[in-house]
file work-v3.cif (mmCIF, C-alpha atoms)
data_my_file
#
loop_
_atom_site.label_atom_id
_atom_site.label_comp_id
_atom_site.auth_asym_id
_atom_site.auth_seq_id
_atom_site.Cartn_x
_atom_site.Cartn_y
_atom_site.Cartn_z
CA GLN A 286 84.07 -23.84 74.62
CA ALA A 287 86.20 -20.82 73.71
CA VAL A 288 89.09 -22.26 75.74
CA GLY A 289 88.58 -25.60 74.00
CA ALA A 290 88.75 -23.82 70.64
CA TYR A 291 92.01 -22.16 71.69
CA VAL A 292 93.47 -25.54 72.65
CA LEU A 293 92.49 -27.07 69.31
CA SER A 294 93.91 -24.08 67.43
CA ALA A 295 97.25 -24.52 69.23
CA LEU A 296 97.27 -28.24 68.41
CA LEU A 297 96.45 -27.49 64.77
CA ILE A 298 99.34 -25.01 64.55
CA LEU A 299 101.63 -27.58 66.16
CA ALA A 300 100.57 -30.17 63.60
CA LEU A 301 101.25 -27.73 60.74
CA ALA A 302 104.66 -26.92 62.22
CA LEU A 303 105.68 -30.56 62.68
CA SER A 304 104.47 -31.48 59.19
CA GLY A 305 106.41 -28.60 57.63
CA TRP A 306 103.42 -27.54 55.50
CA PHE A 307 103.40 -23.95 56.69
CA GLU A 308 107.13 -23.55 56.04
CA ARG A 309 106.79 -24.98 52.52
CA LEU A 310 103.87 -22.63 51.86
CA MET A 311 105.84 -19.61 53.08
CA ARG A 312 108.80 -20.50 50.87
CA TRP A 313 106.50 -21.06 47.89
CA ILE A 314 104.93 -17.59 48.10
CA PRO A 315 107.21 -14.98 46.47
CA THR A 316 108.76 -12.61 49.00
CA PRO A 317 107.56 -9.43 47.18
CA LEU A 318 103.93 -10.51 47.71
CA ILE A 319 104.49 -11.05 51.44
CA THR A 320 106.24 -7.71 51.92
CA ALA A 321 103.54 -5.93 49.87
CA MET A 322 100.89 -7.49 52.13
CA LEU A 323 102.93 -6.34 55.12
CA ALA A 324 103.11 -2.79 53.76
CA GLY A 325 99.33 -2.77 53.33
CA ILE A 326 98.69 -3.93 56.88
CA LEU A 327 101.10 -1.44 58.43
CA LEU A 328 99.89 1.37 56.16
CA ARG A 329 96.66 1.46 58.17
CA PHE A 330 98.63 2.52 61.25
CA ALA A 331 100.18 5.41 59.31
CA THR A 332 96.91 6.61 57.76
CA GLU A 333 95.35 6.62 61.22
CA ILE A 334 97.63 9.57 62.00
CA LEU A 335 95.79 11.70 59.44
CA ARG A 336 92.41 10.79 60.93
CA GLU A 337 93.61 11.77 64.38
CA LEU A 338 95.12 14.98 62.98
CA THR A 339 91.64 16.23 62.08
CA HIS A 340 90.42 15.57 65.64
CA ASP A 341 93.39 16.91 67.60
CA PRO A 342 95.61 18.97 65.25
CA TRP A 343 97.86 20.56 67.86
CA LEU A 344 98.70 17.36 69.68
CA VAL A 345 99.12 15.15 66.59
CA GLY A 346 100.75 17.90 64.51
CA GLY A 347 103.30 18.70 67.22
CA THR A 348 104.14 15.03 67.70
CA VAL A 349 104.64 14.48 63.95
CA LEU A 350 106.72 17.66 63.66
CA ALA A 351 109.03 16.49 66.44
CA TYR A 352 109.48 13.17 64.62
CA VAL A 353 110.24 14.78 61.26
CA LEU A 354 112.75 17.24 62.73
CA CYS A 355 114.73 14.37 64.28
CA LEU A 356 114.86 12.16 61.17
CA ARG A 357 118.22 13.41 59.91
CA ALA A 358 119.77 12.81 63.32
CA ALA A 359 118.11 9.41 63.72
CA ARG A 360 121.39 7.61 64.49
CA ARG A 361 122.02 9.87 67.48
CA ILE A 362 118.47 10.71 68.57
CA PRO A 363 115.63 8.15 68.14
CA PRO A 364 112.85 10.14 66.40
CA VAL A 365 110.04 8.05 67.91
CA THR A 366 111.36 8.57 71.45
CA VAL A 367 111.48 12.32 70.91
CA ALA A 368 108.00 12.26 69.36
CA LEU A 369 106.66 10.31 72.35
CA GLY A 370 108.20 12.77 74.82
CA VAL A 371 106.85 15.80 72.95
CA GLY A 372 103.47 14.13 72.55
CA VAL A 373 103.13 13.35 76.25
CA ALA A 374 104.11 16.94 77.13
CA LEU A 375 101.55 18.32 74.69
CA ALA A 376 98.90 15.91 75.99
CA LEU A 377 99.46 17.06 79.57
CA TRP A 378 99.28 20.69 78.46
CA LEU A 379 96.28 20.44 76.14
CA HIS A 380 94.29 17.76 77.98
CA PRO A 381 94.12 18.18 81.77
CA LEU A 382 94.33 14.95 83.74
CA PRO A 383 91.04 13.61 85.16
CA ASN A 384 90.57 13.52 88.91
CA GLU A 385 89.69 9.82 88.95
CA PRO A 386 91.95 7.72 91.21
CA ILE A 387 94.20 5.15 89.55
CA PRO A 388 93.87 1.71 91.20
CA LEU A 389 96.99 -0.18 92.27
CA ALA A 390 96.39 -3.92 92.10
CA LEU A 391 97.97 -7.12 90.84
CA THR A 392 96.21 -9.11 88.13
CA LEU A 393 96.60 -12.87 88.59
CA PRO A 394 95.76 -15.51 85.95
CA HIS A 395 92.72 -17.76 86.19
CA PHE A 396 92.50 -21.26 84.74
CA TYR A 397 89.48 -22.65 82.90
CA ALA A 398 88.66 -26.23 81.92
CA PRO A 399 88.21 -26.58 78.15
CA ALA A 400 85.02 -27.83 76.56
CA PHE A 401 84.90 -28.98 72.95
CA SER A 402 82.22 -28.66 70.28
CA TRP A 403 82.01 -28.70 66.50
CA ASP A 404 80.42 -25.26 66.47
CA ALA A 405 83.37 -23.73 68.37
CA PHE A 406 85.83 -25.60 66.15
CA LEU A 407 84.28 -24.32 62.92
CA SER A 408 83.45 -20.80 64.11
CA LEU A 409 86.53 -20.10 66.24
CA THR A 410 89.35 -22.65 65.88
CA LEU A 411 89.70 -22.54 62.10
CA PRO A 412 89.42 -18.72 61.72
CA LEU A 413 91.78 -18.20 64.67
CA THR A 414 94.37 -20.58 63.19
CA LEU A 415 94.22 -18.86 59.79
CA LEU A 416 94.38 -15.45 61.47
CA THR A 417 97.42 -16.40 63.57
CA LEU A 418 99.37 -17.91 60.69
CA SER A 419 98.46 -15.40 57.98
CA SER A 420 97.98 -11.98 59.56
CA GLN A 421 100.52 -12.38 62.38
CA ASN A 422 103.13 -15.07 61.75
CA ALA A 423 103.37 -14.69 57.97
CA THR A 424 103.49 -10.90 58.16
CA GLY A 425 105.81 -11.01 61.19
CA ILE A 426 108.19 -13.23 59.25
CA GLY A 427 107.79 -10.80 56.35
CA VAL A 428 108.84 -7.99 58.69
CA LEU A 429 112.00 -9.88 59.63
CA TRP A 430 112.74 -10.60 55.98
CA ALA A 431 112.24 -6.94 55.11
CA LEU A 432 114.68 -6.01 57.90
CA GLY A 433 117.31 -8.39 56.56
CA TYR A 434 116.79 -11.32 58.94
CA ARG A 435 116.27 -14.88 57.69
CA ALA A 436 113.62 -15.91 60.18
CA PRO A 437 113.42 -19.65 61.01
CA ILE A 438 109.87 -20.41 59.90
CA HIS A 439 109.72 -23.89 61.45
CA ALA A 440 110.97 -22.75 64.88
CA ILE A 441 108.61 -19.75 64.95
CA THR A 442 105.58 -21.85 64.02
CA LEU A 443 106.50 -24.56 66.53
CA ALA A 444 106.96 -21.99 69.32
CA THR A 445 103.62 -20.42 68.39
CA GLY A 446 101.86 -23.76 68.85
CA VAL A 447 103.65 -24.69 72.08
CA PHE A 448 103.11 -21.37 73.86
CA SER A 449 99.54 -21.09 72.58
CA LEU A 450 98.85 -24.50 74.10
CA LEU A 451 100.32 -23.41 77.43
CA THR A 452 98.29 -20.18 77.60
CA ALA A 453 94.99 -21.60 76.30
CA PRO A 454 93.76 -22.77 79.76
CA MET A 455 94.18 -19.15 80.94
CA ALA A 456 91.83 -18.02 78.14
CA GLY A 457 94.77 -16.91 76.01
CA HIS A 458 93.63 -16.85 72.39
CA GLY A 459 97.08 -17.63 71.02
CA VAL A 460 100.69 -16.50 71.10
CA ASN A 461 101.99 -15.21 67.79
CA LEU A 462 104.69 -13.16 66.10
CA ALA A 463 102.80 -9.87 66.45
CA THR A 464 103.59 -7.82 63.36
CA PRO A 465 103.74 -4.23 64.73
CA MET A 466 105.73 -5.31 67.78
CA THR A 467 108.17 -7.29 65.63
CA ALA A 468 108.58 -4.33 63.29
CA ILE A 469 109.42 -1.94 66.12
CA CYS A 470 111.83 -4.31 67.89
CA GLY A 471 113.64 -5.24 64.68
CA ASP A 472 114.00 -1.74 63.27
CA ALA A 473 117.26 0.21 63.31
CA GLY A 474 115.69 2.57 65.83
CA ALA A 475 116.02 -0.20 68.43
CA HIS A 476 119.80 -0.47 67.86
CA PRO A 477 122.10 0.42 64.94
CA ASP A 478 123.65 -3.08 65.05
CA PRO A 479 121.19 -5.72 63.72
CA ASP A 480 122.89 -8.39 65.85
CA LEU A 481 122.03 -6.54 69.07
CA ARG A 482 118.38 -5.72 68.44
CA TRP A 483 117.31 -8.83 70.32
CA GLY A 484 117.71 -6.66 73.42
CA ALA A 485 114.62 -4.71 72.36
CA ALA A 486 112.63 -7.95 72.34
CA VAL A 487 113.86 -8.77 75.85
CA VAL A 488 112.86 -5.33 77.15
CA ASN A 489 109.54 -5.69 75.34
CA GLY A 490 108.95 -9.05 77.02
CA VAL A 491 109.68 -7.62 80.47
CA LEU A 492 107.28 -4.73 79.83
CA PHE A 493 104.57 -7.11 78.59
CA SER A 494 104.97 -9.25 81.72
CA SER A 495 104.73 -6.13 83.88
CA PHE A 496 101.66 -5.04 81.97
CA GLY A 497 100.05 -8.42 82.65
CA LEU A 498 100.73 -8.26 86.38
CA LEU A 499 99.65 -4.61 86.68
CA GLY A 500 96.94 -4.74 84.03
CA LEU A 501 94.25 -2.71 85.80
CA THR A 502 96.70 -0.04 86.93
CA LEU A 503 98.41 0.41 83.56
CA LEU A 504 95.14 0.38 81.63
CA ALA A 505 93.93 3.21 83.85
CA LEU A 506 97.13 5.14 83.09
CA ILE A 507 96.81 4.55 79.34
CA ARG A 508 93.21 5.74 79.39
CA VAL A 509 94.48 9.07 80.70
CA LEU A 510 96.44 9.61 77.46
CA PRO A 511 94.52 10.79 74.39
CA LEU A 512 93.91 8.07 71.81
CA GLY A 513 95.33 10.39 69.16
CA LEU A 514 98.74 10.31 70.83
CA ILE A 515 98.81 6.52 71.04
CA ALA A 516 97.75 6.11 67.40
CA THR A 517 100.25 8.73 66.22
CA VAL A 518 103.26 7.26 68.02
CA ALA A 519 102.33 3.75 66.85
CA GLY A 520 102.08 4.92 63.24
CA LEU A 521 105.35 6.85 63.36
CA ALA A 522 107.18 3.88 64.88
CA LEU A 523 106.21 1.77 61.85
CA VAL A 524 107.20 4.28 59.15
CA PRO A 525 110.71 2.80 58.54
CA VAL A 526 109.31 -0.71 58.18
CA ILE A 527 106.62 0.49 55.75
CA LEU A 528 109.32 2.11 53.61
CA GLN A 529 111.45 -1.04 53.62
CA SER A 530 108.45 -3.22 52.80
CA LEU A 531 107.53 -1.04 49.82
CA GLU A 532 111.12 -1.12 48.58
CA LYS A 533 111.34 -4.91 48.88
CA SER A 534 108.00 -5.43 47.12
CA PHE A 535 107.64 -2.84 44.35
CA GLY A 536 111.35 -1.99 44.23
CA THR A 537 112.24 -5.43 42.90
CA GLY A 538 110.17 -4.99 39.72
CA ARG A 539 108.84 -8.54 40.14
CA HIS A 540 105.23 -9.71 40.52
CA ARG A 541 104.00 -6.15 40.04
CA PHE A 542 100.28 -6.88 39.72
CA GLY A 543 100.33 -9.36 42.57
CA CYS A 544 102.11 -6.85 44.80
CA LEU A 545 99.56 -4.16 43.98
CA PHE A 546 96.63 -6.41 44.87
CA ALA A 547 98.38 -7.59 48.05
CA LEU A 548 98.90 -3.97 49.13
CA VAL A 549 95.36 -2.80 48.33
CA ILE A 550 93.54 -5.77 49.87
CA ALA A 551 95.63 -5.70 53.05
CA ALA A 552 95.20 -1.93 53.43
CA SER A 553 91.42 -2.23 52.96
CA ASN A 554 91.11 -4.23 56.20
CA VAL A 555 88.28 -6.20 54.60
CA GLN A 556 86.89 -9.24 56.43
CA PHE A 557 85.12 -12.18 54.84
CA LEU A 558 83.90 -15.40 56.51
CA GLY A 559 85.39 -14.14 59.77
CA ILE A 560 88.91 -14.10 58.29
CA GLY A 561 90.93 -10.90 58.11
CA ALA A 562 92.45 -8.99 55.22
CA ALA A 563 95.96 -10.47 55.52
CA PHE A 564 94.76 -13.93 54.47
CA TRP A 565 92.65 -12.64 51.60
CA SER A 566 95.49 -10.36 50.56
CA LEU A 567 97.75 -13.35 49.97
CA VAL A 568 95.01 -15.37 48.29
CA GLY A 569 94.09 -12.51 45.94
CA ALA A 570 97.70 -11.56 45.23
CA ILE A 571 98.69 -15.13 44.33
CA ALA A 572 95.64 -15.57 42.09
CA VAL A 573 96.31 -12.30 40.25
CA SER A 574 100.05 -12.88 39.99
CA VAL A 575 99.62 -16.37 38.54
CA VAL A 576 97.42 -14.95 35.78
CA ALA A 577 98.91 -11.51 35.13
CA ASP A 578 102.61 -11.61 36.09
CA ARG A 579 104.93 -13.21 33.57
CA ASP A 580 107.60 -13.79 36.19
CA TRP A 581 105.38 -16.00 38.40
CA GLY A 582 107.19 -19.17 39.39
CA GLN A 583 110.66 -17.72 38.90
CA ALA A 584 112.65 -17.93 42.13
CA ALA A 585 109.82 -17.67 44.65
CA GLN A 586 112.13 -16.35 47.35
CA SER A 587 114.42 -13.46 46.44
#

call {"tool": "encode", "arguments": {"input": "work-v3.cif", "output": "structure tokens"}}
result
Amino acid sequence: QAVGAYVLSALLILALALSGWFERLMRWIPTPLITAMLAGILLRFATEILRELTHDPWLVGGTVLAYVLCLRAARRIPPVTVALGVGVALALWLHPLPNEPIPLALTLPHFYAPAFSWDAFLSLTLPLTLLTLSSQNATGIGVLWALGYRAPIHAITLATGVFSLLTAPMAGHGVNLATPMTAICGDAGAHPDPDLRWGAAVVNGVLFSSFGLLGLTLLALIRVLPLGLIATVAGLALVPVILQSLEKSFGTGRHRFGCLFALVIAASNVQFLGIGAAFWSLVGAIAVSVVADRDWGQAAQS
């Protein structure tokens, strides 16, 4: 029934893409609200660094220090790469490796026949569709907008539906424009030339495919690394995108109250009716902006 729900979700996304409704909705929502929501979602990754700092101050502190020291030379030396190298070295020094053997095995996909039910449709298909379109595709498109790209909404939504339909029989719960991954691949740290950053997405795709084939082996390797290091590097990698999102939301001076509510709701990570904060962030921000912001309705996309 879960696989059936995934299939129906993919078909629903395809229908929304072909109808053009999702694209019209995205163009109707003012860009500052989307980028403020994006900043709130990504802010959680940055604040996680502070939580980990209290648990492992030497590891997290050293990793952050390496990042900060390289910021001025970011065009020559990628700060996140240096931070990762320093973090791994500190992790090996401060946390001895366990003696458990690391398995070496290929992970092959399995196919499952879908089954359909109203319960699965209402409890899984609808929330999953809203989650994919709001917290991943909408924010992923917001990332690309914040980075200066004019993302093709229709093509992205259509590809999401097609590839989700292909992976559903393998128990894949949907392909989407994953926000953190999009932010890292599209940032200047991937390449100074915006027209050449697609190479980062290609490398990322190769690594993801390798991770799928060697899932058990790589998971065992990741478990060796402290969680604080992973959370810290992830948060540091998203810092430039958070800054750009804040600039493109609050820096415009437009839809101020809506932007504030979008930021706060998204950062709260609240869930209601099984739907995540990104969706409610947009709903709340639009409702507040319509009432409180005098510039609502003026040039939705800036």

call {"tool": "closest_residue", "arguments": {"input": "work-v3.cif", "among": "A:Ala302, A:Val509, A:Met466, A:Val549", "to": "Phe493 of chain A", "atoms": "only C-alpha atoms"}}
result
A:Met466

call {"tool": "residues_around", "arguments": {"input": "work-v3.cif", "residues": "Leu504 of chain A", "least_positions_apart": "2", "cutoff": "12 Å", "atoms": "only C-alpha atoms", "output": "list in words"}}
result
Ile387, Pro388, Leu389, Ala390, Thr392, Ser495, Phe496, Gly497, Leu498, Leu499, Gly500, Leu501, Thr502, Leu506, Ile507, Arg508, Val509 and Leu510 of chain A

call {"tool": "write_last_selection", "arguments": {"input": "work-v3.cif", "atoms": "C-alpha atoms", "output": "CSV table (one decimal), in the coordinates of the input"}}
result
chain,number,residue,atom,x,y,z
A,387,ILE,CA,94.2,5.2,89.6
A,388,PRO,CA,93.9,1.7,91.2
A,389,LEU,CA,97.0,-0.2,92.3
A,390,ALA,CA,96.4,-3.9,92.1
A,392,THR,CA,96.2,-9.1,88.1
A,495,SER,CA,104.7,-6.1,83.9
A,496,PHE,CA,101.7,-5.0,82.0
A,497,GLY,CA,100.0,-8.4,82.6
A,498,LEU,CA,100.7,-8.3,86.4
A,499,LEU,CA,99.6,-4.6,86.7
A,500,GLY,CA,96.9,-4.7,84.0
A,501,LEU,CA,94.2,-2.7,85.8
A,502,THR,CA,96.7,0.0,86.9
A,506,LEU,CA,97.1,5.1,83.1
A,507,ILE,CA,96.8,4.6,79.3
A,508,ARG,CA,93.2,5.7,79.4
A,509,VAL,CA,94.5,9.1,80.7
A,510,LEU,CA,96.4,9.6,77.5

call {"tool": "residues_around", "arguments": {"input": "work-v3.cif", "residues": "Phe564 of chain A", "least_positions_apart": "3", "cutoff": "9 Å", "atoms": "only C-alpha atoms", "output": "PyMOL selection string"}}
result
chain A and resi 415-416+418-420+551+560-561+567-569

call {"tool": "resolve_selection", "arguments": {"input": "work-v3.cif", "expression": "the PyMOL selection byres ((chain A and resi 343) around 12)", "output": "PDB file with C-alpha atoms, in the frame of the given file"}}
result
ATOM      1  CA  GLU A 337      93.610  11.770  64.380  1.00  0.00           C
ATOM      2  CA  LEU A 338      95.120  14.980  62.980  1.00  0.00           C
ATOM      3  CA  THR A 339      91.640  16.230  62.080  1.00  0.00           C
ATOM      4  CA  HIS A 340      90.420  15.570  65.640  1.00  0.00           C
ATOM      5  CA  ASP A 341      93.390  16.910  67.600  1.00  0.00           C
ATOM      6  CA  PRO A 342      95.610  18.970  65.250  1.00  0.00           C
ATOM      7  CA  LEU A 344      98.700  17.360  69.680  1.00  0.00           C
ATOM      8  CA  VAL A 345      99.120  15.150  66.590  1.00  0.00           C
ATOM      9  CA  GLY A 346     100.750  17.900  64.510  1.00  0.00           C
ATOM     10  CA  GLY A 347     103.300  18.700  67.220  1.00  0.00           C
ATOM     11  CA  THR A 348     104.140  15.030  67.700  1.00  0.00           C
ATOM     12  CA  VAL A 349     104.640  14.480  63.950  1.00  0.00           C
ATOM     13  CA  LEU A 350     106.720  17.660  63.660  1.00  0.00           C
ATOM     14  CA  ALA A 351     109.030  16.490  66.440  1.00  0.00           C
ATOM     15  CA  VAL A 371     106.850  15.800  72.950  1.00  0.00           C
ATOM     16  CA  GLY A 372     103.470  14.130  72.550  1.00  0.00           C
ATOM     17  CA  ALA A 374     104.110  16.940  77.130  1.00  0.00           C
ATOM     18  CA  LEU A 375     101.550  18.320  74.690  1.00  0.00           C
ATOM     19  CA  ALA A 376      98.900  15.910  75.990  1.00  0.00           C
ATOM     20  CA  TRP A 378      99.280  20.690  78.460  1.00  0.00           C
ATOM     21  CA  LEU A 379      96.280  20.440  76.140  1.00  0.00           C
ATOM     22  CA  HIS A 380      94.290  17.760  77.980  1.00  0.00           C
ATOM     23  CA  GLY A 513      95.330  10.390  69.160  1.00  0.00           C
ATOM     24  CA  LEU A 514      98.740  10.310  70.830  1.00  0.00           C
TER      25      LEU A 514
END

call {"tool": "closest_residue", "arguments": {"input": "work-v3.cif", "among": "A:Leu391, A:Leu545, A:Ile326, A:Val292", "to": "Asp578 of chain A", "atoms": "only C-alpha atoms"}}
result
A:Leu545

call {"tool": "closest_residue", "arguments": {"input": "work-v3.cif", "among": "A:Val428, A:Leu462, A:Ala547, A:Ala456", "to": "Ala287 of chain A", "atoms": "all atoms listed in the file"}}
result
A:Ala456

call {"tool": "closest_residue", "arguments": {"input": "work-v3.cif", "among": "A:Leu407, A:Val526, A:Ala436, A:Val487", "to": "Ser294 of chain A", "atoms": "only C-alpha atoms"}}
result
A:Leu407

call {"tool": "closest_residue", "arguments": {"input": "work-v3.cif", "among": "A:Ala423, A:Pro381, A:Asn489, A:Pro399", "to": "Pro511 of chain A", "atoms": "only C-alpha atoms"}}
result
A:Pro381

call {"tool": "atom_distance", "arguments": {"input": "work-v3.cif", "atom1": "atom CA of Ser402 of chain A", "atom2": "atom CA of Leu296 of chain A"}}
result
15.2 Å

call {"tool": "resolve_selection", "arguments": {"input": "work-v3.cif", "expression": "the PyMOL selection byres ((chain A and resi 310-322) around 9)", "output": "ChimeraX atom specification"}}
result
/A:305-309,323-327,423-424,426-428,430-431,438,529-537,539-541,543-552,563,566-567,570-571,574,581-587

call {"tool": "atom_distance", "arguments": {"input": "work-v3.cif", "atom1": "atom CA of Arg435 of chain A", "atom2": "atom CA of Asn461 of chain A"}}
result
17.5 Å

call {"tool": "closest_residue", "arguments": {"input": "work-v3.cif", "among": "A:Ala522, A:Val576, A:Val555, A:Ala295", "to": "Phe330 of chain A", "atoms": "only C-alpha atoms"}}
result
A:Ala522

call {"tool": "atom_distance", "arguments": {"input": "work-v3.cif", "atom1": "atom CA of Ala405 of chain A", "atom2": "atom CA of Gln286 of chain A"}}
result
6.3 Å

call {"tool": "residues_around", "arguments": {"input": "work-v3.cif", "residues": "Thr464 of chain A", "least_positions_apart": "2", "cutoff": "6 Å", "atoms": "only C-alpha atoms", "output": "PyMOL selection string"}}
result
chain A and resi 421+425+466-467

call {"tool": "resolve_selection", "arguments": {"input": "work-v3.cif", "expression": "the PyMOL selection byres ((chain A and resi 397) around 8)", "output": "ChimeraX atom specification"}}
result
/A:288,395-396,398-399,454-456

call {"tool": "axis_aligned_box", "arguments": {"input": "work-v3.cif", "around": "segment 355-368 of chain A", "padding_each_side": "8 Å", "output": "lines of an AutoDock Vina configuration file"}}
result
center_x = 115.0
center_y = 11.0
center_z = 65.7
size_x = 30.0
size_y = 22.8
size_z = 27.5
